[in-house]
Amino acid sequence: MIRKKSLSDLIQGLKSNENIVNWHEVEPQEAKTHSMPESVDLRIKAALAQRGIEQLYTHQHTAYETVRKGENIVAVTPTASGKTLCYNLPVLQAVAEDDGSRALYLFPTKALAQDQKSELNEIIAEMGIDIKSFTYDGDTSPAIRQLVRTVGHIVITNPDMLHAAILPHHTKWVSLFSNLKYIVIDELHTYRGVFGSHVANVIRRLQRICKFYGSNPLFICTSATIANPKELAEQLTGKPMRLIDDNGAPRGRKHFVFYNPPIVNKALNIRKSATVEVNHLAREFLANKVQTIVFARSRVRVEIILSHIQELVKNELGAKSIRGYRGGYLPSQRREIERGLRNGEILGVVSTNALELGVDIGQLQVCIMSGYPGSVASTWQQAGRAGRRHGEALVLMVASNTPIDQYIVQNPEYFFDRSPESARINPENLIILVDHLRCAAYELPMKKGEEFGPLEIADILEYLVEERVLHQAGDSFFWANQSFPASEVSLRSAAQENVVIIDQSDVANVKIIGEMDRFSAMTLLHDEAIYLHEGVQFQVEKLDWEHKKAYVREVDVEYYTDANLAIKLIVLEVDRTENRRTTSLNYGDVRVNAMPTLFKKIRLSSFENIGYGQINLPEEELHTSATWIELKEVDPTLGVKTLEQLLLGISNVLRHIVPIHVMCDRSDIHVVSQIRAEHTQLPTIFIYDHYPGGIGLAEDVYRRFDDIKAAARHLIRKCPCEDGCPSCIGTEIEGLHAKQKSIELLGVI
């Protein structure tokens, strides 16, 4: 029988691999502790002692003492550093002192809420105090709901539920709102972009209702490492915050390794597929029974890696010991996978960033990232999933051919020396603000002169009166419509409705297997698309666009599909302009018309293109904000075709560089070049927010444009290809010194 290698053996073996371009060790750290505060109830102390907690880490102690003094806090420490106790301890103490005290916990996902409830209830049971904690989400049964509303000391929910089910029905929650002492916001860093902008308005509505019932709760926020946690917490809550970042938690030794796949075409600098390399690396760890998590950047990539790894290890481990995990899976599937990881039945999991959050999945030893996650903050979050507190851990980032991946692995100091990015929100986005003012007026009449954030809202209220949504009587504005406004507002996407995916492989057992937002569905669930779910392939037989349903059937084919979008862009209004010598930089409002046109069939094993098909879906229109750069003077020797190719290449680089500088997902911001823009007929590159009304990302690009441009030039210059490749400007353009010309063109922009 072959002896299984330990993680230490595997790490030693990896050190001789010629594809490793950087090996960074994070030194272990001893715990920094403080004695338990005297004010903590003896029953709480006893319950914590049973769990081996007799002292607090420094950040937990500071958090407890600061909250007890009546200050709002934001605690920022790495994954697995015991942030939970920063809020559980003051909350449990408050209820132990006064049975009437109430707390509201907000988690970004149901999985986290369920997780926290289990841990909290265990402590409460050991304390022997009658503290009732409940989760309140879509899965809570009607019988339990009544109980939660009347006797729940700690109500654990998510922003969507607070927005649509709790605030509009606040009269049923009098016991909670009139005694609310603490509001806990966990995983604060997830509240950025459109989601964070919505949630800031939900919290304004929550505070309005608390005030109505006579309570003024404190906020306890916790976050992973970002550059501006205090600023984000203050923007989100509208309250002054005390930052607590003195992390006292211990950590084991962590090896952080950058792996660059070998070059298979030297002239074009094309490397072996990152997916193929990830599969082989993961197989090595899994075959030796080392529990491993693999992160991929998209749902499709998760499913491709999952099916490959399952195939590689099915004889040794059985396919069920490796599972996928991503948005779109049903909650029951996700809970089952989390349990399997904790108890060791599941050895490996392939996930999107859905497992970046602190869902309890036990002690994983290895984390493999298929490509750079897109931000420094995200990368450290994913890396934190391996090696919790003690013991050695390995983090492998396998670079893809994309410009940003190559930039990161060839400039490791950029990553290791750089602080994480800032999280941006824009609660004053007019579309979002109007939506939540409608919700707020439904909940309680608005008063003339009432504040709702920093913006003057009198004009908006008058507009809603004109639209017959509100009715004005004296100084008050009352809801005057038949609709239920919260049901029309989605906190998480620009689209109002998700597309439901229905599996009709078995006529006797037709079932819903997942869902997807409308914009993604255009390119992933069109007719004939191959949809991957838990490693199983489904073909979309019909996308019923009008009723938001995709009907799929299980198939077994050797390809997946990838769709193209045709984009038309029109400038509506210019808000800011900076004239430069040969260009002008602009910021303003634009209209984007997007239509999916073709889809490609790509072979699973070799990733080659094996066919095309048409997509017949209606055009989607988006009004948003953009930054654009117009070229007023161009080298006349270039020619139209050459200039068009150069702009495409520069856009390709910017598409990867921009998200790093403005901390957003790649899907949040789009880059499009036009050889003749409609409004000026000048060559133009547009960078726009992929959300109605914009959420401040394009404005950030306008402010940081010179930094972004410098990073783009640096990336192209440092790329080892001869004259253009997929890792920089796209592909080589024959007979044209495209690389040098792109650097020159960026120089004059």
# chains A, B, ... in the order shown; residues from 1 in each chain; ligands from 1

call {"tool": "closest_atom_pairs", "arguments": {"of": "segment 277-327 of chain A", "to": "segment 535-548 of chain A", "cutoff": "9 Å", "atoms": "only C-alpha atoms", "output": "Markdown table"}}
result
| residue | atom | partner | partner_atom | distance |
| --- | --- | --- | --- | --- |
| A:Val302 | CA | A:Gly535 | CA | 8.3 |
| A:Glu303 | CA | A:Gly535 | CA | 5.0 |
| A:Ile304 | CA | A:Gly535 | CA | 7.0 |
| A:Ile305 | CA | A:Gly535 | CA | 8.4 |
| A:Leu306 | CA | A:Gly535 | CA | 5.7 |
| A:Ser307 | CA | A:Gly535 | CA | 4.7 |
| A:His308 | CA | A:Gly535 | CA | 8.5 |
| A:Gln310 | CA | A:Gly535 | CA | 8.2 |
| A:Arg323 | CA | A:Gly535 | CA | 8.3 |
| A:Gly324 | CA | A:Gly535 | CA | 7.3 |

call {"tool": "select_by_dssp", "arguments": {"residues": "segment 422-473 of chain A", "states": "helix (DSSP H, G or I)", "output": "ChimeraX atom specification"}}
result
/A:430-443,458-466

call {"tool": "residues_around", "arguments": {"residues": "segment 392-407 of chain A", "least_positions_apart": "3", "cutoff": "7 Å", "atoms": "only C-alpha atoms", "output": "JSON, numbers by chain"}}
result
{"A": [252, 253, 254, 255, 256, 257, 258, 259, 260, 261, 270, 271, 273, 274, 278, 365, 366, 367, 368, 369, 370, 371, 372, 383, 386, 387, 410, 411, 653, 656, 657, 715, 726, 727, 728]}

call {"tool": "write_last_selection", "arguments": {"atoms": "N, CA and C atoms", "output": "short mmCIF file (atom, residue, chain, number, x, y, z; two decimals), in the first residue's frame"}}
result
data_model
loop_
_atom_site.label_atom_id
_atom_site.label_comp_id
_atom_site.auth_asym_id
_atom_site.auth_seq_id
_atom_site.Cartn_x
_atom_site.Cartn_y
_atom_site.Cartn_z
N GLY A 252 -1.09 30.09 12.37
CA GLY A 252 -0.01 29.16 12.03
C GLY A 252 0.80 29.68 10.86
N ARG A 253 1.86 28.95 10.49
CA ARG A 253 2.69 29.34 9.35
C ARG A 253 1.89 29.15 8.06
N LYS A 254 1.96 30.15 7.19
CA LYS A 254 1.22 30.06 5.92
C LYS A 254 2.18 30.28 4.76
N HIS A 255 2.16 29.36 3.81
CA HIS A 255 2.98 29.49 2.60
C HIS A 255 2.08 30.06 1.49
N PHE A 256 2.45 31.22 0.96
CA PHE A 256 1.66 31.86 -0.10
C PHE A 256 2.47 31.78 -1.38
N VAL A 257 1.99 30.99 -2.34
CA VAL A 257 2.81 30.65 -3.51
C VAL A 257 2.14 31.14 -4.80
N PHE A 258 2.91 31.83 -5.65
CA PHE A 258 2.43 32.23 -6.98
C PHE A 258 2.95 31.22 -8.01
N TYR A 259 2.02 30.67 -8.78
CA TYR A 259 2.35 29.61 -9.74
C TYR A 259 1.95 30.08 -11.13
N ASN A 260 2.92 30.11 -12.05
CA ASN A 260 2.64 30.57 -13.42
C ASN A 260 2.76 29.37 -14.37
N PRO A 261 1.66 28.95 -15.02
CA PRO A 261 1.73 27.78 -15.90
C PRO A 261 2.79 27.95 -16.99
N ILE A 270 1.70 32.45 -24.95
CA ILE A 270 0.48 31.76 -24.50
C ILE A 270 0.90 30.63 -23.56
N ARG A 271 0.26 30.63 -22.41
CA ARG A 271 0.60 29.64 -21.38
C ARG A 271 -0.42 28.52 -21.34
N SER A 273 -3.27 26.23 -19.91
CA SER A 273 -4.49 26.66 -19.23
C SER A 273 -4.36 26.56 -17.71
N ALA A 274 -4.75 27.64 -17.02
CA ALA A 274 -4.72 27.64 -15.55
C ALA A 274 -5.64 26.55 -15.01
N VAL A 278 -4.62 23.77 -12.30
CA VAL A 278 -5.35 23.69 -11.03
C VAL A 278 -5.85 22.26 -10.79
N GLN A 365 -6.76 22.72 4.76
CA GLN A 365 -5.30 22.87 4.84
C GLN A 365 -4.71 23.57 3.61
N VAL A 366 -5.39 23.44 2.47
CA VAL A 366 -4.86 24.01 1.23
C VAL A 366 -5.94 24.83 0.53
N CYS A 367 -5.52 25.99 0.03
CA CYS A 367 -6.42 26.83 -0.78
C CYS A 367 -5.74 27.04 -2.13
N ILE A 368 -6.44 26.70 -3.21
CA ILE A 368 -5.92 26.93 -4.57
C ILE A 368 -6.84 27.92 -5.27
N MET A 369 -6.27 29.00 -5.77
CA MET A 369 -7.07 29.99 -6.51
C MET A 369 -6.79 29.85 -7.99
N SER A 370 -7.86 29.69 -8.75
CA SER A 370 -7.71 29.64 -10.21
C SER A 370 -7.78 31.07 -10.72
N GLY A 371 -6.64 31.72 -10.80
CA GLY A 371 -6.59 33.12 -11.21
C GLY A 371 -6.69 34.06 -10.02
N TYR A 372 -6.29 35.31 -10.23
CA TYR A 372 -6.32 36.35 -9.20
C TYR A 372 -7.78 36.72 -8.92
N ALA A 383 -7.54 33.28 0.94
CA ALA A 383 -6.37 32.63 1.55
C ALA A 383 -6.64 32.27 3.00
N ALA A 386 -7.71 28.67 4.44
CA ALA A 386 -6.78 27.56 4.71
C ALA A 386 -6.00 27.86 5.98
N GLY A 387 -5.88 26.86 6.85
CA GLY A 387 -5.03 26.97 8.03
C GLY A 387 -5.57 27.90 9.06
N GLN A 410 4.14 38.54 -11.82
CA GLN A 410 5.46 39.06 -12.18
C GLN A 410 5.87 40.26 -11.33
N ASN A 411 4.91 40.81 -10.56
CA ASN A 411 5.21 41.92 -9.64
C ASN A 411 4.66 41.58 -8.26
N VAL A 653 -6.69 45.70 -21.65
CA VAL A 653 -5.83 45.90 -20.46
C VAL A 653 -6.61 46.65 -19.37
N HIS A 656 -9.03 44.83 -17.07
CA HIS A 656 -8.46 44.06 -15.96
C HIS A 656 -7.84 44.96 -14.89
N ILE A 657 -7.36 46.13 -15.31
CA ILE A 657 -6.68 47.03 -14.36
C ILE A 657 -7.68 47.81 -13.51
N LEU A 715 1.96 47.43 -17.20
CA LEU A 715 1.61 46.03 -17.48
C LEU A 715 2.04 45.62 -18.89
N PRO A 726 -2.40 37.33 -25.18
CA PRO A 726 -3.60 37.39 -24.34
C PRO A 726 -3.34 37.94 -22.94
N SER A 727 -2.06 37.99 -22.53
CA SER A 727 -1.74 38.51 -21.20
C SER A 727 -1.59 40.03 -21.18
N CYS A 728 -1.69 40.66 -22.34
CA CYS A 728 -1.64 42.13 -22.33
C CYS A 728 -2.70 42.70 -23.27
#

call {"tool": "closest_atom_pairs", "arguments": {"of": "segment 155-190 of chain A", "to": "segment 194-204 of chain A", "cutoff": "12 Å", "atoms": "only C-alpha atoms", "output": "Markdown table"}}
result
| residue | atom | partner | partner_atom | distance |
| --- | --- | --- | --- | --- |
| A:Asn158 | CA | A:Val199 | CA | 10.1 |
| A:Pro159 | CA | A:Val199 | CA | 6.6 |
| A:Asp160 | CA | A:Val199 | CA | 8.6 |
| A:Met161 | CA | A:Val202 | CA | 10.5 |
| A:Leu162 | CA | A:Val202 | CA | 7.8 |
| A:His163 | CA | A:Val202 | CA | 6.1 |
| A:Ala164 | CA | A:Val202 | CA | 9.7 |
| A:Ala165 | CA | A:Val202 | CA | 11.9 |
| A:Ile166 | CA | A:Val202 | CA | 10.9 |
| A:Leu167 | CA | A:Val202 | CA | 8.7 |
| A:Pro168 | CA | A:Val202 | CA | 11.0 |
| A:Ile183 | CA | A:Ile203 | CA | 9.9 |
| A:Val184 | CA | A:Ile203 | CA | 11.5 |
| A:Ile185 | CA | A:Ile203 | CA | 10.3 |
| A:Glu187 | CA | A:Gly196 | CA | 11.4 |
| A:Leu188 | CA | A:Gly196 | CA | 9.0 |
| A:His189 | CA | A:Gly196 | CA | 8.9 |
| A:Thr190 | CA | A:Gly196 | CA | 7.4 |

call {"tool": "write_last_selection", "arguments": {"atoms": "N, CA and C atoms", "output": "PDB file, in the first residue's frame"}}
result
ATOM      1  N   ASN A 158     -31.073  38.724   7.345  1.00  0.00           N
ATOM      2  CA  ASN A 158     -30.229  39.297   6.285  1.00  0.00           C
ATOM      3  C   ASN A 158     -30.876  40.586   5.782  1.00  0.00           C
ATOM      4  N   PRO A 159     -30.138  41.435   5.065  1.00  0.00           N
ATOM      5  CA  PRO A 159     -30.694  42.729   4.645  1.00  0.00           C
ATOM      6  C   PRO A 159     -31.951  42.586   3.783  1.00  0.00           C
ATOM      7  N   ASP A 160     -32.011  41.534   2.941  1.00  0.00           N
ATOM      8  CA  ASP A 160     -33.165  41.353   2.054  1.00  0.00           C
ATOM      9  C   ASP A 160     -34.439  41.141   2.874  1.00  0.00           C
ATOM     10  N   MET A 161     -34.318  40.334   3.933  1.00  0.00           N
ATOM     11  CA  MET A 161     -35.468  40.021   4.783  1.00  0.00           C
ATOM     12  C   MET A 161     -35.880  41.250   5.595  1.00  0.00           C
ATOM     13  N   LEU A 162     -34.878  41.981   6.084  1.00  0.00           N
ATOM     14  CA  LEU A 162     -35.153  43.217   6.835  1.00  0.00           C
ATOM     15  C   LEU A 162     -35.922  44.194   5.943  1.00  0.00           C
ATOM     16  N   HIS A 163     -35.462  44.309   4.706  1.00  0.00           N
ATOM     17  CA  HIS A 163     -36.038  45.246   3.726  1.00  0.00           C
ATOM     18  C   HIS A 163     -37.472  44.867   3.335  1.00  0.00           C
ATOM     19  N   ALA A 164     -37.708  43.582   3.057  1.00  0.00           N
ATOM     20  CA  ALA A 164     -38.989  43.196   2.459  1.00  0.00           C
ATOM     21  C   ALA A 164     -39.987  42.601   3.438  1.00  0.00           C
ATOM     22  N   ALA A 165     -39.510  42.068   4.583  1.00  0.00           N
ATOM     23  CA  ALA A 165     -40.439  41.352   5.466  1.00  0.00           C
ATOM     24  C   ALA A 165     -40.550  41.931   6.872  1.00  0.00           C
ATOM     25  N   ILE A 166     -39.503  42.635   7.341  1.00  0.00           N
ATOM     26  CA  ILE A 166     -39.548  43.130   8.727  1.00  0.00           C
ATOM     27  C   ILE A 166     -39.970  44.601   8.768  1.00  0.00           C
ATOM     28  N   LEU A 167     -39.248  45.470   8.060  1.00  0.00           N
ATOM     29  CA  LEU A 167     -39.554  46.910   8.136  1.00  0.00           C
ATOM     30  C   LEU A 167     -40.972  47.244   7.654  1.00  0.00           C
ATOM     31  N   PRO A 168     -41.445  46.675   6.530  1.00  0.00           N
ATOM     32  CA  PRO A 168     -42.803  47.032   6.086  1.00  0.00           C
ATOM     33  C   PRO A 168     -43.890  46.565   7.068  1.00  0.00           C
ATOM     34  N   ILE A 183     -27.438  46.705  17.046  1.00  0.00           N
ATOM     35  CA  ILE A 183     -27.564  46.205  15.666  1.00  0.00           C
ATOM     36  C   ILE A 183     -26.173  45.735  15.258  1.00  0.00           C
ATOM     37  N   VAL A 184     -26.067  44.464  14.920  1.00  0.00           N
ATOM     38  CA  VAL A 184     -24.787  43.877  14.518  1.00  0.00           C
ATOM     39  C   VAL A 184     -24.757  43.754  13.002  1.00  0.00           C
ATOM     40  N   ILE A 185     -23.718  44.296  12.367  1.00  0.00           N
ATOM     41  CA  ILE A 185     -23.539  44.141  10.913  1.00  0.00           C
ATOM     42  C   ILE A 185     -22.238  43.386  10.693  1.00  0.00           C
ATOM     43  N   GLU A 187     -19.491  40.990   8.387  1.00  0.00           N
ATOM     44  CA  GLU A 187     -18.960  40.963   7.011  1.00  0.00           C
ATOM     45  C   GLU A 187     -19.233  42.303   6.304  1.00  0.00           C
ATOM     46  N   LEU A 188     -18.910  43.373   7.006  1.00  0.00           N
ATOM     47  CA  LEU A 188     -19.175  44.734   6.511  1.00  0.00           C
ATOM     48  C   LEU A 188     -18.630  44.962   5.100  1.00  0.00           C
ATOM     49  N   HIS A 189     -17.449  44.365   4.808  1.00  0.00           N
ATOM     50  CA  HIS A 189     -16.790  44.605   3.515  1.00  0.00           C
ATOM     51  C   HIS A 189     -17.620  44.132   2.329  1.00  0.00           C
ATOM     52  N   THR A 190     -18.633  43.266   2.575  1.00  0.00           N
ATOM     53  CA  THR A 190     -19.462  42.784   1.453  1.00  0.00           C
ATOM     54  C   THR A 190     -20.479  43.841   1.029  1.00  0.00           C
TER      55      THR A 190
END

call {"tool": "residues_around", "arguments": {"residues": "Leu317 of chain A", "least_positions_apart": "5", "cutoff": "10 Å", "atoms": "only C-alpha atoms", "output": "PyMOL selection string"}}
result
chain A and resi 286-289+310+312+322+346-347

call {"tool": "write_last_selection", "arguments": {"atoms": "N, CA and C atoms", "output": "compact mmCIF listing (two decimals), in the first residue's frame"}}
result
# COMPACT_ATOMS: atom_id res chain seq x y z
N LEU A 286 -5.63 16.08 -2.97
CA LEU A 286 -6.80 15.27 -2.63
C LEU A 286 -6.46 13.79 -2.57
N ALA A 287 -5.60 13.33 -3.49
CA ALA A 287 -5.21 11.91 -3.49
C ALA A 287 -4.50 11.54 -2.20
N ASN A 288 -3.87 12.56 -1.55
CA ASN A 288 -3.19 12.32 -0.28
C ASN A 288 -4.07 12.69 0.92
N LYS A 289 -5.37 12.81 0.65
CA LYS A 289 -6.38 13.08 1.69
C LYS A 289 -6.11 14.39 2.45
N GLN A 310 -13.42 15.69 -10.36
CA GLN A 310 -14.21 14.50 -10.02
C GLN A 310 -13.79 13.32 -10.89
N LEU A 312 -10.82 12.93 -12.29
CA LEU A 312 -9.45 12.54 -11.95
C LEU A 312 -9.37 11.67 -10.69
N ILE A 322 -15.80 15.19 -3.67
CA ILE A 322 -15.44 16.52 -4.21
C ILE A 322 -16.75 17.17 -4.64
N ILE A 346 -16.44 15.34 3.09
CA ILE A 346 -16.07 15.97 1.82
C ILE A 346 -14.62 16.43 1.93
N LEU A 347 -13.79 15.96 1.01
CA LEU A 347 -12.36 16.28 1.06
C LEU A 347 -12.02 17.54 0.29

call {"tool": "residues_around", "arguments": {"residues": "Leu746 of chain A", "least_positions_apart": "3", "cutoff": "7 Å", "atoms": "only C-alpha atoms", "output": "ChimeraX atom specification"}}
result
/A:709,713,742-743,749

call {"tool": "residues_around", "arguments": {"residues": "segment 107-121 of chain A", "least_positions_apart": "4", "cutoff": "7 Å", "atoms": "only C-alpha atoms", "output": "list in words"}}
result
Ala125, Ser133, Phe134, Thr135, Ile156, Thr157, Asn158, Pro159, Ile185, Asp186, Glu187, Gly358, Val359 and Asp360 of chain A

call {"tool": "write_last_selection", "arguments": {"atoms": "C-alpha atoms", "output": "mmCIF file, in the first residue's frame"}}
result
data_model
loop_
_atom_site.group_PDB
_atom_site.id
_atom_site.type_symbol
_atom_site.label_atom_id
_atom_site.label_comp_id
_atom_site.auth_asym_id
_atom_site.auth_seq_id
_atom_site.Cartn_x
_atom_site.Cartn_y
_atom_site.Cartn_z
ATOM 1 C CA ALA A 125 -27.502 26.414 26.290
ATOM 2 C CA SER A 133 -32.207 33.543 19.550
ATOM 3 C CA PHE A 134 -33.854 32.832 16.191
ATOM 4 C CA THR A 135 -33.063 33.190 12.516
ATOM 5 C CA ILE A 156 -30.686 36.907 13.134
ATOM 6 C CA THR A 157 -31.563 37.886 9.572
ATOM 7 C CA ASN A 158 -30.229 39.297 6.285
ATOM 8 C CA PRO A 159 -30.694 42.729 4.645
ATOM 9 C CA ILE A 185 -23.539 44.141 10.913
ATOM 10 C CA ASP A 186 -21.177 41.264 10.135
ATOM 11 C CA GLU A 187 -18.960 40.963 7.011
ATOM 12 C CA GLY A 358 -16.962 33.283 7.252
ATOM 13 C CA VAL A 359 -19.271 30.288 6.760
ATOM 14 C CA ASP A 360 -17.986 27.617 9.153
#

call {"tool": "atom_distance", "arguments": {"atom1": "atom CA of Glu126 of chain A", "atom2": "atom CA of Ser101 of chain A"}}
result
19.9 Å

call {"tool": "closest_residue", "arguments": {"among": "A:Ile20, A:Glu644, A:Ile361, A:Ser6", "to": "Leu341 of chain A", "atoms": "only C-alpha atoms"}}
result
A:Ile361

call {"tool": "residues_around", "arguments": {"residues": "Gln482 of chain A", "least_positions_apart": "3", "cutoff": "12 Å", "atoms": "only C-alpha atoms", "output": "list in words"}}
result
Tyr442, Arg468, Val469, Leu470, Trp479 and Pro485 of chain A

call {"tool": "write_last_selection", "arguments": {"atoms": "N, CA and C atoms", "output": "JSON list (two decimals), in the first residue's frame"}}
result
[["chain", "number", "residue", "atom", "x", "y", "z"],
["A", 442, "TYR", "N", -44.12, 54.15, 2.84],
["A", 442, "TYR", "CA", -45.09, 53.06, 3.06],
["A", 442, "TYR", "C", -45.08, 52.65, 4.53],
["A", 468, "ARG", "N", -48.56, 60.37, -7.99],
["A", 468, "ARG", "CA", -49.67, 59.75, -7.23],
["A", 468, "ARG", "C", -49.24, 58.52, -6.44],
["A", 469, "VAL", "N", -47.97, 58.54, -6.06],
["A", 469, "VAL", "CA", -47.47, 57.47, -5.18],
["A", 469, "VAL", "C", -47.68, 57.90, -3.73],
["A", 470, "LEU", "N", -47.50, 59.21, -3.47],
["A", 470, "LEU", "CA", -47.73, 59.77, -2.14],
["A", 470, "LEU", "C", -48.87, 60.79, -2.20],
["A", 479, "TRP", "N", -48.50, 57.30, 2.11],
["A", 479, "TRP", "CA", -48.49, 56.33, 1.00],
["A", 479, "TRP", "C", -49.89, 56.30, 0.38],
["A", 485, "PRO", "N", -44.22, 48.48, -2.14],
["A", 485, "PRO", "CA", -42.98, 48.91, -2.81],
["A", 485, "PRO", "C", -41.77, 48.01, -2.58]]

call {"tool": "closest_residue", "arguments": {"among": "A:Ile502, A:Ala440, A:Val350, A:Ala75", "to": "Gln60 of chain A", "atoms": "only C-alpha atoms"}}
result
A:Ala75

call {"tool": "closest_residue", "arguments": {"among": "A:Pro240, A:Gly474, A:Pro37, A:Pro420", "to": "Ser375 of chain A", "atoms": "only C-alpha atoms"}}
result
A:Pro420

call {"tool": "select_by_dssp", "arguments": {"residues": "segment 87-192 of chain A", "states": "strand (DSSP E or B)", "output": "PyMOL selection string"}}
result
chain A and resi 102-106+133-135+154-157+180-185

call {"tool": "write_last_selection", "arguments": {"atoms": "N, CA and C atoms", "output": "PDB file, in the first residue's frame"}}
result
ATOM      1  N   ARG A 102     -32.959  43.756  23.439  1.00  0.00           N
ATOM      2  CA  ARG A 102     -33.076  43.057  22.161  1.00  0.00           C
ATOM      3  C   ARG A 102     -31.883  43.412  21.263  1.00  0.00           C
ATOM      4  N   ALA A 103     -31.544  42.465  20.361  1.00  0.00           N
ATOM      5  CA  ALA A 103     -30.455  42.718  19.398  1.00  0.00           C
ATOM      6  C   ALA A 103     -30.874  42.185  18.030  1.00  0.00           C
ATOM      7  N   LEU A 104     -30.426  42.874  16.989  1.00  0.00           N
ATOM      8  CA  LEU A 104     -30.698  42.464  15.612  1.00  0.00           C
ATOM      9  C   LEU A 104     -29.361  42.191  14.927  1.00  0.00           C
ATOM     10  N   TYR A 105     -29.185  40.966  14.419  1.00  0.00           N
ATOM     11  CA  TYR A 105     -27.951  40.595  13.725  1.00  0.00           C
ATOM     12  C   TYR A 105     -28.218  40.565  12.223  1.00  0.00           C
ATOM     13  N   LEU A 106     -27.374  41.255  11.458  1.00  0.00           N
ATOM     14  CA  LEU A 106     -27.496  41.242   9.993  1.00  0.00           C
ATOM     15  C   LEU A 106     -26.301  40.537   9.363  1.00  0.00           C
ATOM     16  N   SER A 133     -32.769  33.002  20.803  1.00  0.00           N
ATOM     17  CA  SER A 133     -32.207  33.543  19.550  1.00  0.00           C
ATOM     18  C   SER A 133     -32.793  32.748  18.388  1.00  0.00           C
ATOM     19  N   PHE A 134     -33.214  33.467  17.351  1.00  0.00           N
ATOM     20  CA  PHE A 134     -33.854  32.832  16.191  1.00  0.00           C
ATOM     21  C   PHE A 134     -33.303  33.427  14.903  1.00  0.00           C
ATOM     22  N   THR A 135     -33.282  32.607  13.852  1.00  0.00           N
ATOM     23  CA  THR A 135     -33.063  33.190  12.516  1.00  0.00           C
ATOM     24  C   THR A 135     -34.437  33.514  11.931  1.00  0.00           C
ATOM     25  N   ILE A 154     -32.636  37.791  20.408  1.00  0.00           N
ATOM     26  CA  ILE A 154     -31.673  38.031  19.329  1.00  0.00           C
ATOM     27  C   ILE A 154     -32.310  37.538  18.029  1.00  0.00           C
ATOM     28  N   VAL A 155     -32.526  38.452  17.107  1.00  0.00           N
ATOM     29  CA  VAL A 155     -33.127  38.098  15.810  1.00  0.00           C
ATOM     30  C   VAL A 155     -32.019  38.159  14.762  1.00  0.00           C
ATOM     31  N   ILE A 156     -31.777  37.018  14.113  1.00  0.00           N
ATOM     32  CA  ILE A 156     -30.686  36.907  13.134  1.00  0.00           C
ATOM     33  C   ILE A 156     -31.301  36.866  11.740  1.00  0.00           C
ATOM     34  N   THR A 157     -30.945  37.821  10.899  1.00  0.00           N
ATOM     35  CA  THR A 157     -31.563  37.886   9.572  1.00  0.00           C
ATOM     36  C   THR A 157     -30.571  38.419   8.549  1.00  0.00           C
ATOM     37  N   LEU A 180     -34.729  47.728  21.162  1.00  0.00           N
ATOM     38  CA  LEU A 180     -33.520  47.360  20.408  1.00  0.00           C
ATOM     39  C   LEU A 180     -32.296  48.098  20.960  1.00  0.00           C
ATOM     40  N   LYS A 181     -31.332  47.318  21.429  1.00  0.00           N
ATOM     41  CA  LYS A 181     -30.136  47.907  22.052  1.00  0.00           C
ATOM     42  C   LYS A 181     -28.937  47.858  21.109  1.00  0.00           C
ATOM     43  N   TYR A 182     -28.829  46.753  20.337  1.00  0.00           N
ATOM     44  CA  TYR A 182     -27.670  46.596  19.449  1.00  0.00           C
ATOM     45  C   TYR A 182     -28.103  46.146  18.054  1.00  0.00           C
ATOM     46  N   ILE A 183     -27.438  46.705  17.046  1.00  0.00           N
ATOM     47  CA  ILE A 183     -27.564  46.205  15.666  1.00  0.00           C
ATOM     48  C   ILE A 183     -26.173  45.735  15.258  1.00  0.00           C
ATOM     49  N   VAL A 184     -26.067  44.464  14.920  1.00  0.00           N
ATOM     50  CA  VAL A 184     -24.787  43.877  14.518  1.00  0.00           C
ATOM     51  C   VAL A 184     -24.757  43.754  13.002  1.00  0.00           C
ATOM     52  N   ILE A 185     -23.718  44.296  12.367  1.00  0.00           N
ATOM     53  CA  ILE A 185     -23.539  44.141  10.913  1.00  0.00           C
ATOM     54  C   ILE A 185     -22.238  43.386  10.693  1.00  0.00           C
TER      55      ILE A 185
END

call {"tool": "atom_distance", "arguments": {"atom1": "atom CA of Lys239 of chain A", "atom2": "atom CA of Ile73 of chain A"}}
result
9.8 Å

call {"tool": "closest_atom_pairs", "arguments": {"of": "segment 469-529 of chain A", "to": "segment 587-609 of chain A", "cutoff": "12 Å", "atoms": "only C-alpha atoms", "output": "JSON lines"}}
result
{"residue": "A:Phe519", "atom": "CA", "partner": "A:Ala594", "partner_atom": "CA", "distance": 9.6}
{"residue": "A:Ser520", "atom": "CA", "partner": "A:Pro596", "partner_atom": "CA", "distance": 10.7}
{"residue": "A:Ala521", "atom": "CA", "partner": "A:Pro596", "partner_atom": "CA", "distance": 10.3}
{"residue": "A:Met522", "atom": "CA", "partner": "A:Pro596", "partner_atom": "CA", "distance": 6.6}
{"residue": "A:Thr523", "atom": "CA", "partner": "A:Pro596", "partner_atom": "CA", "distance": 6.6}
{"residue": "A:Leu524", "atom": "CA", "partner": "A:Phe599", "partner_atom": "CA", "distance": 9.5}
{"residue": "A:Leu525", "atom": "CA", "partner": "A:Phe599", "partner_atom": "CA", "distance": 10.9}
{"residue": "A:His526", "atom": "CA", "partner": "A:Phe599", "partner_atom": "CA", "distance": 9.0}
{"residue": "A:Asp527", "atom": "CA", "partner": "A:Phe599", "partner_atom": "CA", "distance": 9.9}
{"residue": "A:Glu528", "atom": "CA", "partner": "A:Phe599", "partner_atom": "CA", "distance": 9.1}
{"residue": "A:Ala529", "atom": "CA", "partner": "A:Phe599", "partner_atom": "CA", "distance": 8.0}
